[in-house]
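J.: One file: data-v7.txt (compact mmCIF, C-alpha atoms (C1' of nucleotides)).
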```
# COMPACT_ATOMS: atom_id res chain seq x y z
CA MET A 1 -20.50 -16.23 -21.57
CA SER A 2 -22.13 -14.35 -24.38
CA ARG A 3 -21.54 -11.36 -26.55
CA SER A 4 -23.81 -8.34 -26.49
CA THR A 5 -26.14 -7.67 -29.38
CA PHE A 6 -24.05 -4.60 -30.24
CA SER A 7 -21.21 -5.80 -32.39
CA SER A 8 -18.92 -3.12 -31.03
CA GLU A 9 -19.24 -4.28 -27.43
CA LEU A 10 -16.42 -6.30 -25.97
CA ASP A 11 -16.83 -9.29 -23.71
CA SER A 12 -14.31 -10.68 -21.26
CA PHE A 13 -12.73 -12.88 -23.94
CA ASP A 14 -12.04 -9.85 -26.10
CA LEU A 15 -10.47 -8.01 -23.20
CA ALA A 16 -8.32 -11.00 -22.32
CA ILE A 17 -7.12 -11.18 -25.92
CA LEU A 18 -6.32 -7.47 -25.92
CA ARG A 19 -4.38 -7.75 -22.68
CA ILE A 20 -2.10 -10.26 -24.37
CA LEU A 21 -1.76 -8.57 -27.75
CA GLN A 22 -1.08 -5.08 -26.44
CA ASN A 23 2.04 -6.48 -24.78
CA ASP A 24 3.12 -8.75 -27.62
CA SER A 25 1.23 -8.89 -30.88
CA THR A 26 3.45 -11.68 -32.19
CA THR A 27 1.90 -14.18 -29.78
CA PRO A 28 0.47 -16.97 -31.95
CA GLN A 29 -3.32 -17.21 -31.99
CA ARG A 30 -3.05 -20.79 -30.79
CA GLU A 31 -1.18 -19.64 -27.70
CA VAL A 32 -3.59 -16.78 -27.11
CA GLY A 33 -6.37 -19.33 -27.36
CA GLU A 34 -4.78 -21.53 -24.74
CA GLN A 35 -4.46 -18.63 -22.33
CA VAL A 36 -8.04 -17.44 -22.73
CA ASN A 37 -9.68 -20.86 -23.26
CA LEU A 38 -10.74 -20.42 -26.84
CA SER A 39 -9.80 -22.09 -30.12
CA ALA A 40 -7.36 -20.42 -32.48
CA PRO A 41 -10.00 -19.69 -35.14
CA SER A 42 -12.22 -18.09 -32.55
CA VAL A 43 -9.38 -15.90 -31.38
CA GLN A 44 -8.72 -14.92 -34.95
CA ARG A 45 -12.32 -13.98 -35.65
CA ARG A 46 -12.35 -11.78 -32.57
CA ILE A 47 -9.08 -10.09 -33.52
CA LYS A 48 -10.38 -9.47 -37.05
CA ARG A 49 -13.54 -7.92 -35.71
CA MET A 50 -11.68 -5.69 -33.28
CA GLN A 51 -9.40 -4.54 -36.09
CA ARG A 52 -12.38 -3.84 -38.33
CA ASP A 53 -14.23 -1.96 -35.57
CA GLY A 54 -11.18 0.11 -34.66
CA VAL A 55 -10.76 -1.28 -31.18
CA ILE A 56 -7.32 -2.35 -32.33
CA ALA A 57 -6.04 0.76 -34.09
CA VAL A 58 -2.87 -0.77 -35.50
CA GLN A 59 -0.35 -3.49 -34.89
CA ALA A 60 3.04 -1.88 -34.98
CA ALA A 61 6.71 -2.38 -34.24
CA ILE A 62 7.75 0.14 -31.58
CA VAL A 63 11.20 1.48 -32.42
CA ASP A 64 13.65 2.95 -29.90
CA PRO A 65 14.17 6.49 -31.20
CA ALA A 66 17.71 6.78 -29.83
CA ARG A 67 18.72 3.79 -31.97
CA VAL A 68 17.62 5.37 -35.22
CA GLY A 69 19.24 8.75 -34.81
CA LEU A 70 16.44 10.52 -32.94
CA PRO A 71 17.76 10.95 -29.39
CA LEU A 72 15.85 14.13 -28.57
CA THR A 73 12.33 13.99 -27.15
CA ILE A 74 10.78 17.40 -26.56
CA ILE A 75 7.46 18.29 -25.00
CA VAL A 76 5.84 21.50 -26.18
CA GLU A 77 2.98 23.46 -24.65
CA ILE A 78 1.18 25.75 -27.03
CA GLU A 79 -1.02 28.68 -26.15
CA LEU A 80 -3.24 30.14 -28.84
CA LYS A 81 -4.49 33.66 -29.21
CA ALA A 82 -7.87 34.31 -27.64
CA GLU A 83 -9.67 35.14 -30.85
CA THR A 84 -8.52 31.91 -32.46
CA GLY A 85 -11.84 30.09 -32.47
CA GLY A 86 -12.57 28.46 -35.80
CA LYS A 87 -8.97 27.82 -36.68
CA ILE A 88 -8.50 24.91 -34.32
CA ASP A 89 -9.00 22.32 -37.04
CA GLU A 90 -6.54 24.11 -39.25
CA ILE A 91 -3.89 23.99 -36.54
CA LYS A 92 -4.58 20.34 -35.80
CA GLU A 93 -4.09 19.58 -39.47
CA THR A 94 -0.72 21.30 -39.40
CA PHE A 95 0.39 19.16 -36.48
CA LEU A 96 -0.99 15.98 -38.03
CA GLU A 97 1.09 16.54 -41.14
CA ALA A 98 4.37 17.05 -39.27
CA PRO A 99 6.18 13.71 -38.96
CA GLU A 100 8.41 14.97 -36.12
CA ILE A 101 5.33 15.48 -33.97
CA GLN A 102 4.62 12.04 -32.63
CA GLN A 103 1.73 12.99 -30.39
CA CYS A 104 -0.64 15.94 -30.12
CA TYR A 105 -3.25 16.53 -27.42
CA TYR A 106 -5.83 19.30 -27.42
CA VAL A 107 -6.28 20.16 -23.75
CA THR A 108 -8.16 22.35 -21.32
CA GLY A 109 -6.41 24.66 -18.90
CA GLU A 110 -3.69 27.26 -19.21
CA VAL A 111 -2.50 25.94 -22.54
CA ASP A 112 -4.28 24.63 -25.61
CA PHE A 113 -2.06 21.94 -27.06
CA VAL A 114 0.57 19.61 -25.72
CA LEU A 115 2.90 18.07 -28.28
CA ILE A 116 5.48 15.35 -28.07
CA VAL A 117 8.19 15.93 -30.64
CA ILE A 118 11.00 13.53 -31.53
CA VAL A 119 14.00 14.90 -33.42
CA SER A 120 17.66 14.24 -34.08
CA ASP A 121 19.05 17.44 -32.51
CA MET A 122 18.30 20.97 -31.40
CA ALA A 123 18.87 22.34 -34.87
CA GLU A 124 16.05 20.22 -36.19
CA TYR A 125 13.81 21.37 -33.35
CA GLU A 126 14.65 25.01 -33.99
CA ASP A 127 13.78 24.50 -37.60
CA LEU A 128 10.46 23.01 -36.56
CA THR A 129 9.66 25.95 -34.30
CA GLN A 130 10.31 28.34 -37.18
CA ARG A 131 8.16 26.42 -39.64
CA LEU A 132 5.25 25.61 -37.35
CA PHE A 133 5.19 27.94 -34.35
CA PHE A 134 6.78 31.32 -35.06
CA SER A 135 5.25 31.56 -38.51
CA ASN A 136 1.76 30.72 -37.22
CA HIS A 137 -0.09 33.86 -36.19
CA ASN A 138 -2.65 31.93 -34.20
CA ILE A 139 -0.02 30.85 -31.71
CA ARG A 140 0.52 33.36 -28.91
CA LYS A 141 3.42 31.53 -27.31
CA PHE A 142 4.87 28.12 -26.68
CA LYS A 143 6.97 26.54 -23.96
CA THR A 144 9.64 23.89 -24.53
CA PHE A 145 10.53 21.05 -22.16
CA VAL A 146 13.53 19.00 -23.17
CA THR A 147 13.32 15.48 -21.78
CA MET A 148 16.34 14.06 -20.01
CA ASP A 149 14.83 10.62 -19.64
CA ARG A 150 12.00 8.77 -21.33
CA THR A 151 11.18 7.00 -18.09
CA LYS A 152 8.11 5.24 -19.43
CA THR A 153 6.73 5.14 -22.95
CA ASN A 154 4.17 2.39 -22.84
CA THR A 155 1.53 1.76 -25.43
CA SER A 156 -0.50 -0.59 -23.26
CA LEU A 157 -3.62 0.32 -21.36
CA ASN A 158 -4.78 -0.65 -17.90
CA ILE A 159 -7.52 -3.10 -18.95
CA MET B 1 25.44 -2.18 -49.76
CA SER B 2 27.09 -3.49 -46.65
CA ARG B 3 26.59 -3.56 -42.93
CA SER B 4 28.93 -1.87 -40.54
CA THR B 5 31.24 -3.95 -38.38
CA PHE B 6 29.27 -2.83 -35.32
CA SER B 7 26.36 -5.19 -35.01
CA SER B 8 24.16 -2.45 -33.56
CA GLU B 9 24.49 -0.18 -36.57
CA LEU B 10 21.65 -0.04 -39.01
CA ASP B 11 21.98 0.14 -42.76
CA SER B 12 19.45 1.45 -45.25
CA PHE B 13 17.79 -1.98 -45.53
CA ASP B 14 17.17 -2.06 -41.80
CA LEU B 15 15.68 1.42 -41.88
CA ALA B 16 13.46 0.50 -44.82
CA ILE B 17 12.22 -2.54 -42.91
CA LEU B 18 11.52 -0.42 -39.83
CA ARG B 19 9.60 2.13 -41.87
CA ILE B 20 7.25 -0.62 -42.96
CA LEU B 21 6.90 -2.45 -39.66
CA GLN B 22 6.33 0.61 -37.51
CA ASN B 23 3.22 1.28 -39.57
CA ASP B 24 2.04 -2.33 -39.82
CA SER B 25 3.87 -5.14 -38.13
CA THR B 26 1.56 -7.75 -39.68
CA THR B 27 3.09 -7.20 -43.12
CA PRO B 28 4.41 -10.61 -44.24
CA GLN B 29 8.19 -10.90 -44.44
CA ARG B 30 7.87 -11.89 -48.08
CA GLU B 31 6.05 -8.65 -48.86
CA VAL B 32 8.53 -6.61 -46.83
CA GLY B 33 11.25 -8.30 -48.84
CA GLU B 34 9.63 -7.32 -52.12
CA GLN B 35 9.40 -3.69 -51.06
CA VAL B 36 13.01 -3.44 -49.90
CA ASN B 37 14.55 -5.83 -52.47
CA LEU B 38 15.59 -8.58 -50.11
CA SER B 39 14.57 -12.20 -49.64
CA ALA B 40 12.20 -13.20 -46.86
CA PRO B 41 14.87 -15.03 -44.83
CA SER B 42 17.09 -12.00 -45.01
CA VAL B 43 14.30 -9.76 -43.79
CA GLN B 44 13.66 -12.18 -40.97
CA ARG B 45 17.29 -12.25 -39.88
CA ARG B 46 17.35 -8.47 -39.75
CA ILE B 47 14.12 -8.26 -37.78
CA LYS B 48 15.40 -10.85 -35.31
CA ARG B 49 18.61 -8.95 -34.82
CA MET B 50 16.85 -5.64 -34.31
CA GLN B 51 14.57 -7.27 -31.75
CA ARG B 52 17.54 -8.78 -29.95
CA ASP B 53 19.46 -5.48 -29.98
CA GLY B 54 16.48 -3.50 -28.73
CA VAL B 55 16.06 -1.40 -31.84
CA ILE B 56 12.58 -2.86 -32.02
CA ALA B 57 11.37 -2.53 -28.43
CA VAL B 58 8.13 -4.46 -28.85
CA GLN B 59 5.54 -5.42 -31.40
CA ALA B 60 2.20 -4.49 -29.97
CA ALA B 61 -1.47 -4.06 -30.74
CA ILE B 62 -2.42 -0.44 -30.16
CA VAL B 63 -5.84 -0.27 -28.53
CA ASP B 64 -8.22 2.68 -28.70
CA PRO B 65 -8.67 3.62 -25.03
CA ALA B 66 -12.18 5.00 -25.51
CA ARG B 67 -13.30 1.59 -26.77
CA VAL B 68 -12.21 -0.24 -23.66
CA GLY B 69 -13.75 2.05 -21.07
CA LEU B 70 -10.87 4.51 -20.68
CA PRO B 71 -12.11 7.70 -22.32
CA LEU B 72 -10.13 10.14 -20.20
CA THR B 73 -6.59 11.13 -21.15
CA ILE B 74 -4.95 13.50 -18.71
CA ILE B 75 -1.59 15.21 -18.89
CA VAL B 76 0.09 16.01 -15.59
CA GLU B 77 3.03 18.31 -14.89
CA ILE B 78 4.85 17.58 -11.68
CA GLU B 79 7.13 19.92 -9.79
CA LEU B 80 9.36 18.46 -7.11
CA LYS B 81 10.69 20.12 -3.99
CA ALA B 82 14.10 21.69 -4.40
CA GLU B 83 15.88 19.48 -1.91
CA THR B 84 14.64 16.36 -3.64
CA GLY B 85 17.90 15.22 -5.17
CA GLY B 86 18.52 11.55 -4.66
CA LYS B 87 14.90 10.56 -4.64
CA ILE B 88 14.40 10.86 -8.37
CA ASP B 89 14.80 7.14 -8.97
CA GLU B 90 12.34 6.39 -6.21
CA ILE B 91 9.73 8.63 -7.82
CA LYS B 92 10.36 7.16 -11.25
CA GLU B 93 9.80 3.71 -9.80
CA THR B 94 6.47 4.83 -8.38
CA PHE B 95 5.36 6.05 -11.79
CA LEU B 96 6.63 2.94 -13.54
CA GLU B 97 4.52 0.74 -11.30
CA ALA B 98 1.29 2.65 -11.88
CA PRO B 99 -0.60 1.08 -14.80
CA GLU B 100 -2.77 4.17 -15.34
CA ILE B 101 0.36 6.15 -16.16
CA GLN B 102 1.01 5.31 -19.78
CA GLN B 103 3.95 7.62 -20.29
CA CYS B 104 6.39 9.45 -18.04
CA TYR B 105 9.05 11.94 -19.13
CA TYR B 106 11.70 13.45 -16.88
CA VAL B 107 12.22 16.95 -18.23
CA THR B 108 14.18 20.15 -17.83
CA GLY B 109 12.52 23.49 -17.26
CA GLU B 110 9.86 24.77 -14.93
CA VAL B 111 8.59 21.32 -14.12
CA ASP B 112 10.31 17.99 -13.47
CA PHE B 113 8.00 15.33 -14.85
CA VAL B 114 5.33 15.19 -17.50
CA LEU B 115 2.93 12.26 -17.28
CA ILE B 116 0.28 10.96 -19.61
CA VAL B 117 -2.44 9.24 -17.64
CA ILE B 118 -5.32 7.22 -19.08
CA VAL B 119 -8.32 6.51 -16.85
CA SER B 120 -12.02 5.70 -16.96
CA ASP B 121 -13.29 8.82 -15.21
CA MET B 122 -12.43 11.72 -12.93
CA ALA B 123 -13.03 9.64 -9.83
CA GLU B 124 -10.27 7.27 -10.87
CA TYR B 125 -7.97 10.20 -11.55
CA GLU B 126 -8.72 11.77 -8.18
CA ASP B 127 -7.91 8.47 -6.56
CA LEU B 128 -4.61 8.41 -8.42
CA THR B 129 -3.71 11.92 -7.28
CA GLN B 130 -4.36 10.91 -3.68
CA ARG B 131 -2.28 7.75 -3.89
CA LEU B 132 0.64 9.09 -5.90
CA PHE B 133 0.78 12.88 -5.68
CA PHE B 134 -0.72 14.25 -2.46
CA SER B 135 0.77 11.50 -0.35
CA ASN B 136 4.24 12.00 -1.82
CA HIS B 137 6.19 14.58 0.17
CA ASN B 138 8.74 15.08 -2.58
CA ILE B 139 6.09 16.59 -4.83
CA ARG B 140 5.66 20.32 -4.36
CA LYS B 141 2.75 20.67 -6.73
CA PHE B 142 1.23 19.31 -9.87
CA LYS B 143 -0.88 20.71 -12.69
CA THR B 144 -3.61 18.82 -14.51
CA PHE B 145 -4.54 19.18 -18.18
CA VAL B 146 -7.62 17.28 -19.26
CA THR B 147 -7.47 16.43 -22.94
CA MET B 148 -10.50 17.17 -25.07
CA ASP B 149 -9.07 15.50 -28.14
CA ARG B 150 -6.30 12.98 -28.75
CA THR B 151 -5.49 14.63 -32.04
CA LYS B 152 -2.49 12.46 -32.79
CA THR B 153 -1.15 9.47 -30.91
CA ASN B 154 1.35 7.95 -33.27
CA THR B 155 3.92 5.37 -32.37
CA SER B 156 5.92 5.79 -35.56
CA LEU B 157 9.09 7.78 -35.92
CA ASN B 158 10.28 10.07 -38.69
CA ILE B 159 12.93 7.75 -40.15
C1' DA C 1 -43.23 -25.45 -24.22
C1' DT C 2 -41.53 -25.70 -28.94
C1' DC C 3 -39.95 -23.88 -33.06
C1' DT C 4 -36.79 -21.17 -35.52
C1' DC C 5 -33.39 -17.86 -36.29
C1' DT C 6 -29.00 -16.07 -35.20
C1' DC C 7 -24.58 -16.15 -33.48
C1' DG C 8 -20.46 -17.99 -31.98
C1' DT C 9 -18.04 -22.13 -31.43
C1' DG C 10 -14.66 -26.16 -32.45
C1' DC C 11 -12.75 -29.31 -35.73
C1' DA C 12 -10.49 -30.41 -39.88
C1' DA C 13 -8.70 -29.36 -44.34
C1' DG C 14 -6.34 -26.19 -47.12
C1' DT C 15 -3.45 -22.16 -47.75
C1' DT C 16 -0.12 -18.88 -46.48
C1' DT C 17 3.62 -17.53 -43.74
C1' DG C 18 7.60 -18.23 -40.97
C1' DT C 19 11.87 -20.89 -40.21
C1' DT C 20 15.92 -23.67 -41.11
C1' DT C 21 19.32 -25.58 -43.99
C1' DC C 22 22.73 -25.28 -47.29
C1' DG C 23 25.57 -23.79 -50.92
C1' DT C 24 27.27 -19.44 -53.09
C1' DT C 25 28.99 -14.88 -53.50
C1' DG C 26 31.61 -10.86 -52.42
C1' DA C 27 34.44 -8.28 -49.40
C1' DT C 28 38.37 -8.19 -46.26
C1' DT C 29 42.66 -9.79 -44.52
C1' DG C 30 46.97 -12.21 -43.96
C1' DC D 1 46.49 -15.36 -54.00
C1' DA D 2 44.26 -18.13 -50.58
C1' DA D 3 41.67 -18.04 -46.34
C1' DT D 4 38.05 -16.20 -43.68
C1' DC D 5 33.85 -14.17 -42.64
C1' DA D 6 29.40 -12.21 -43.18
C1' DA D 7 25.33 -11.97 -45.58
C1' DC D 8 22.70 -13.60 -49.23
C1' DG D 9 18.96 -16.48 -51.89
C1' DA D 10 16.70 -21.01 -53.14
C1' DA D 11 14.52 -24.74 -51.45
C1' DA D 12 12.75 -27.77 -48.02
C1' DC D 13 10.31 -27.84 -43.94
C1' DA D 14 7.50 -26.48 -39.90
C1' DA D 15 4.21 -23.58 -37.99
C1' DA D 16 0.61 -20.44 -38.20
C1' DC D 17 -3.30 -18.56 -40.37
C1' DT D 18 -7.69 -19.12 -42.84
C1' DT D 19 -11.92 -21.18 -44.43
C1' DG D 20 -15.91 -24.32 -44.69
C1' DC D 21 -18.94 -26.88 -42.08
C1' DA D 22 -21.82 -28.80 -38.57
C1' DC D 23 -23.15 -28.32 -33.80
C1' DG D 24 -25.11 -26.13 -29.66
C1' DA D 25 -26.76 -22.23 -26.85
C1' DG D 26 -29.72 -18.27 -26.31
C1' DA D 27 -33.56 -15.01 -27.90
C1' DG D 28 -37.93 -14.13 -29.66
C1' DA D 29 -42.34 -15.61 -31.55
C1' DT D 30 -46.28 -18.55 -31.62
```
Any chance you could give the structure as structure tokens?
T.:
Amino acid sequence: MSRSTFSSELDSFDLAILRILQNDSTTPQREVGEQVNLSAPSVQRRIKRMQRDGVIAVQAAIVDPARVGLPLTIIVEIELKAETGGKIDEIKETFLEAPEIQQCYYVTGEVDFVLIVIVSDMAEYEDLTQRLFFSNHNIRKFKTFVTMDRTKTNTSLNI
Amino acid sequence: MSRSTFSSELDSFDLAILRILQNDSTTPQREVGEQVNLSAPSVQRRIKRMQRDGVIAVQAAIVDPARVGLPLTIIVEIELKAETGGKIDEIKETFLEAPEIQQCYYVTGEVDFVLIVIVSDMAEYEDLTQRLFFSNHNIRKFKTFVTMDRTKTNTSLNI
DNA sequence: ATCTCTCGTGCAAGTTTGTTTCGTTGATTG
DNA sequence: CAATCAACGAAACAAACTTGCACGAGAGAT
């Protein structure tokens, strides 16, 4: 089995390694190697390359928000004003800077952005809406969905 | 500084450790210790406990979906039929089992579920809608938002 | 076909990190 | 005040990571 000439291409070994690490990144390289039939150094070189190339974005500890005082997950749909053309990047930047906004998607359809916000209580969310939504003249309106249950919050992909 | 008598409570050391690990879980315990003013064994004991107690859900490699052949992120809003009361758990189970569904939130408001789906192309998404949405008689309707840009897909919390 | 260049590999040695042990300290309680 | 308990750090130890090196397979050129 051989690697493509493009360094950014992944072969079946790389995918097998990713399948393991996206479920548990603490798995020792030796054990990963055993599962994919590769030596530990080889596994390490592949991981290093995938980190360098951005295939692996980060290795992170995923924290349960309810256990650190952030029991409220809120999904927000944002609709911009029609004439808001060149200000998209500006709005994205605003959302990127807000630590309460965990995820932000720029979407097609009836709305323009979908946000996932994680806060400690409704007061904090109200404060956020004042700072980021009501005071932003490019936002026509927004809709709030309070989540009752975080049924599934995976980080792994179907690879 | 002391720990509460409840083993599941977190003190400021624990939070400091989490702040580091949720951004980079490969940080050596020794280095974490230096940053929070604790010895490496102490850091380790706290990490172990937080893993055991579920404060740290998993440590995972976060993979860029576009780099592994999954360039399409789709957000789906699902509205159930009114009489669908006791079948919520059944529907949740369906979503939990589907590997293309990365996230699922059960929400209040105009819709009942918000899903984040990651697939390779529209054909795969259409297939998913047939299998999970159209064939499910508890679903009244669903709305699809195709994302143009994954502006922010953090896993870290504002702690 | 043969040569050569490149790339990835495994092994082994060396380095760093993670883990366990053990004695001490400080706070709490009887 | 003594006993108890929980958490700590230093040191010893085990495991994992990292690096250097030589080998072998595949690609391209002659």
J.: I'd like the contact shell of A:Val68 - 9 Å cut-off, all atoms listed in the file, skipping same-chain residues fewer than 2 positions apart - returned as an NGL selection string.
T.: (:A and (63-66 or 70-71 or 120)) or (:B and (9-10 or 15 or 55 or 157 or 159))
J.: Tell me as an mmCIF file with C-alpha atoms, in the coordinates of the input which residues belonging to chain B come within 10 Å of chain C, counting all atoms listed in the file.
T.:
```
data_model
loop_
_atom_site.group_PDB
_atom_site.id
_atom_site.type_symbol
_atom_site.label_atom_id
_atom_site.label_comp_id
_atom_site.auth_asym_id
_atom_site.auth_seq_id
_atom_site.Cartn_x
_atom_site.Cartn_y
_atom_site.Cartn_z
ATOM 1 C CA SER B 2 27.090 -3.490 -46.650
ATOM 2 C CA PRO B 28 4.410 -10.610 -44.240
ATOM 3 C CA GLN B 29 8.190 -10.900 -44.440
ATOM 4 C CA ARG B 30 7.870 -11.890 -48.080
ATOM 5 C CA ALA B 40 12.200 -13.200 -46.860
ATOM 6 C CA PRO B 41 14.870 -15.030 -44.830
ATOM 7 C CA GLN B 44 13.660 -12.180 -40.970
#
```
J.: Can you provide chain A as a short mmCIF file (atom, residue, chain, number, x, y, z; two decimals) with C-alpha atoms, in the coordinates of the input, superposed onto chain B by least squares across all C-alpha atoms matched in order?
T.:
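To be explicit, this is the file written out as result19.cif:
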```
data_model
loop_
_atom_site.label_atom_id
_atom_site.label_comp_id
_atom_site.auth_asym_id
_atom_site.auth_seq_id
_atom_site.Cartn_x
_atom_site.Cartn_y
_atom_site.Cartn_z
CA MET A 1 25.52 -2.12 -49.72
CA SER A 2 27.16 -3.42 -46.61
CA ARG A 3 26.62 -3.51 -42.91
CA SER A 4 28.97 -1.81 -40.48
CA THR A 5 31.28 -3.88 -38.33
CA PHE A 6 29.26 -2.81 -35.28
CA SER A 7 26.36 -5.19 -35.02
CA SER A 8 24.16 -2.50 -33.54
CA GLU A 9 24.49 -0.19 -36.54
CA LEU A 10 21.64 -0.05 -38.99
CA ASP A 11 22.00 0.12 -42.74
CA SER A 12 19.48 1.42 -45.23
CA PHE A 13 17.81 -1.99 -45.51
CA ASP A 14 17.17 -2.05 -41.78
CA LEU A 15 15.68 1.42 -41.88
CA ALA A 16 13.47 0.51 -44.81
CA ILE A 17 12.22 -2.53 -42.91
CA LEU A 18 11.51 -0.42 -39.84
CA ARG A 19 9.61 2.15 -41.87
CA ILE A 20 7.24 -0.61 -42.96
CA LEU A 21 6.91 -2.44 -39.65
CA GLN A 22 6.33 0.63 -37.50
CA ASN A 23 3.20 1.29 -39.55
CA ASP A 24 2.02 -2.31 -39.80
CA SER A 25 3.87 -5.13 -38.11
CA THR A 26 1.56 -7.72 -39.64
CA THR A 27 3.08 -7.18 -43.09
CA PRO A 28 4.41 -10.58 -44.18
CA GLN A 29 8.19 -10.85 -44.41
CA ARG A 30 7.84 -11.87 -48.04
CA GLU A 31 6.04 -8.62 -48.81
CA VAL A 32 8.53 -6.58 -46.82
CA GLY A 33 11.24 -8.29 -48.82
CA GLU A 34 9.63 -7.33 -52.09
CA GLN A 35 9.41 -3.70 -51.05
CA VAL A 36 13.02 -3.45 -49.89
CA ASN A 37 14.56 -5.86 -52.44
CA LEU A 38 15.59 -8.59 -50.07
CA SER A 39 14.57 -12.21 -49.59
CA ALA A 40 12.14 -13.16 -46.84
CA PRO A 41 14.76 -15.01 -44.78
CA SER A 42 17.06 -12.03 -44.95
CA VAL A 43 14.29 -9.75 -43.76
CA GLN A 44 13.61 -12.13 -40.93
CA ARG A 45 17.22 -12.27 -39.81
CA ARG A 46 17.35 -8.49 -39.73
CA ILE A 47 14.11 -8.24 -37.75
CA LYS A 48 15.38 -10.83 -35.27
CA ARG A 49 18.60 -8.93 -34.79
CA MET A 50 16.83 -5.62 -34.29
CA GLN A 51 14.54 -7.24 -31.73
CA ARG A 52 17.51 -8.77 -29.93
CA ASP A 53 19.44 -5.47 -29.96
CA GLY A 54 16.46 -3.48 -28.72
CA VAL A 55 16.05 -1.38 -31.82
CA ILE A 56 12.56 -2.85 -32.01
CA ALA A 57 11.34 -2.52 -28.43
CA VAL A 58 8.12 -4.46 -28.85
CA GLN A 59 5.54 -5.43 -31.41
CA ALA A 60 2.19 -4.51 -29.98
CA ALA A 61 -1.48 -4.09 -30.76
CA ILE A 62 -2.43 -0.45 -30.17
CA VAL A 63 -5.85 -0.30 -28.54
CA ASP A 64 -8.23 2.67 -28.71
CA PRO A 65 -8.68 3.60 -25.05
CA ALA A 66 -12.19 4.99 -25.53
CA ARG A 67 -13.30 1.56 -26.78
CA VAL A 68 -12.20 -0.26 -23.66
CA GLY A 69 -13.73 2.02 -21.07
CA LEU A 70 -10.86 4.50 -20.71
CA PRO A 71 -12.13 7.70 -22.34
CA LEU A 72 -10.13 10.12 -20.20
CA THR A 73 -6.59 11.13 -21.17
CA ILE A 74 -4.95 13.50 -18.71
CA ILE A 75 -1.59 15.21 -18.90
CA VAL A 76 0.10 16.00 -15.61
CA GLU A 77 3.03 18.30 -14.89
CA ILE A 78 4.86 17.58 -11.68
CA GLU A 79 7.14 19.91 -9.79
CA LEU A 80 9.36 18.45 -7.10
CA LYS A 81 10.70 20.10 -4.00
CA ALA A 82 14.11 21.68 -4.40
CA GLU A 83 15.89 19.45 -1.93
CA THR A 84 14.64 16.33 -3.67
CA GLY A 85 17.91 15.21 -5.22
CA GLY A 86 18.56 11.53 -4.69
CA LYS A 87 14.93 10.53 -4.67
CA ILE A 88 14.42 10.85 -8.40
CA ASP A 89 14.82 7.13 -9.01
CA GLU A 90 12.38 6.38 -6.25
CA ILE A 91 9.76 8.61 -7.84
CA LYS A 92 10.36 7.15 -11.28
CA GLU A 93 9.81 3.70 -9.83
CA THR A 94 6.49 4.81 -8.41
CA PHE A 95 5.36 6.05 -11.80
CA LEU A 96 6.64 2.94 -13.57
CA GLU A 97 4.53 0.74 -11.33
CA ALA A 98 1.29 2.65 -11.92
CA PRO A 99 -0.60 1.07 -14.82
CA GLU A 100 -2.76 4.18 -15.35
CA ILE A 101 0.36 6.17 -16.19
CA GLN A 102 1.00 5.32 -19.79
CA GLN A 103 3.94 7.63 -20.31
CA CYS A 104 6.38 9.45 -18.06
CA TYR A 105 9.04 11.95 -19.14
CA TYR A 106 11.69 13.45 -16.89
CA VAL A 107 12.21 16.95 -18.25
CA THR A 108 14.18 20.15 -17.84
CA GLY A 109 12.52 23.49 -17.28
CA GLU A 110 9.86 24.77 -14.92
CA VAL A 111 8.60 21.30 -14.11
CA ASP A 112 10.30 17.99 -13.49
CA PHE A 113 8.00 15.33 -14.86
CA VAL A 114 5.33 15.19 -17.50
CA LEU A 115 2.92 12.26 -17.29
CA ILE A 116 0.28 10.97 -19.62
CA VAL A 117 -2.45 9.24 -17.66
CA ILE A 118 -5.33 7.22 -19.10
CA VAL A 119 -8.32 6.51 -16.86
CA SER A 120 -12.00 5.68 -16.98
CA ASP A 121 -13.29 8.82 -15.20
CA MET A 122 -12.43 11.71 -12.92
CA ALA A 123 -13.01 9.63 -9.83
CA GLU A 124 -10.27 7.27 -10.87
CA TYR A 125 -7.96 10.21 -11.56
CA GLU A 126 -8.72 11.75 -8.18
CA ASP A 127 -7.90 8.47 -6.58
CA LEU A 128 -4.61 8.40 -8.44
CA THR A 129 -3.71 11.90 -7.30
CA GLN A 130 -4.33 10.89 -3.69
CA ARG A 131 -2.26 7.72 -3.92
CA LEU A 132 0.65 9.08 -5.92
CA PHE A 133 0.81 12.87 -5.69
CA PHE A 134 -0.70 14.23 -2.48
CA SER A 135 0.79 11.48 -0.35
CA ASN A 136 4.28 11.99 -1.82
CA HIS A 137 6.22 14.56 0.16
CA ASN A 138 8.75 15.05 -2.59
CA ILE A 139 6.13 16.56 -4.85
CA ARG A 140 5.69 20.30 -4.35
CA LYS A 141 2.76 20.67 -6.72
CA PHE A 142 1.23 19.30 -9.87
CA LYS A 143 -0.87 20.71 -12.68
CA THR A 144 -3.62 18.81 -14.51
CA PHE A 145 -4.55 19.19 -18.18
CA VAL A 146 -7.61 17.27 -19.26
CA THR A 147 -7.48 16.43 -22.95
CA MET A 148 -10.51 17.16 -25.08
CA ASP A 149 -9.08 15.49 -28.15
CA ARG A 150 -6.32 12.98 -28.77
CA THR A 151 -5.51 14.64 -32.07
CA LYS A 152 -2.50 12.47 -32.81
CA THR A 153 -1.17 9.47 -30.92
CA ASN A 154 1.32 7.95 -33.29
CA THR A 155 3.91 5.39 -32.39
CA SER A 156 5.91 5.80 -35.58
CA LEU A 157 9.07 7.81 -35.94
CA ASN A 158 10.25 10.09 -38.71
CA ILE A 159 12.91 7.77 -40.18
#
```
J.: As an exercise, work out the distance from atom C1' of D:DA25 to atom CA of A:Gly33 in Å and give it to one decimal place.
T.: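 Separation of atom C1' of D:DA25 and atom CA of A:Gly33: 20.6 Å.
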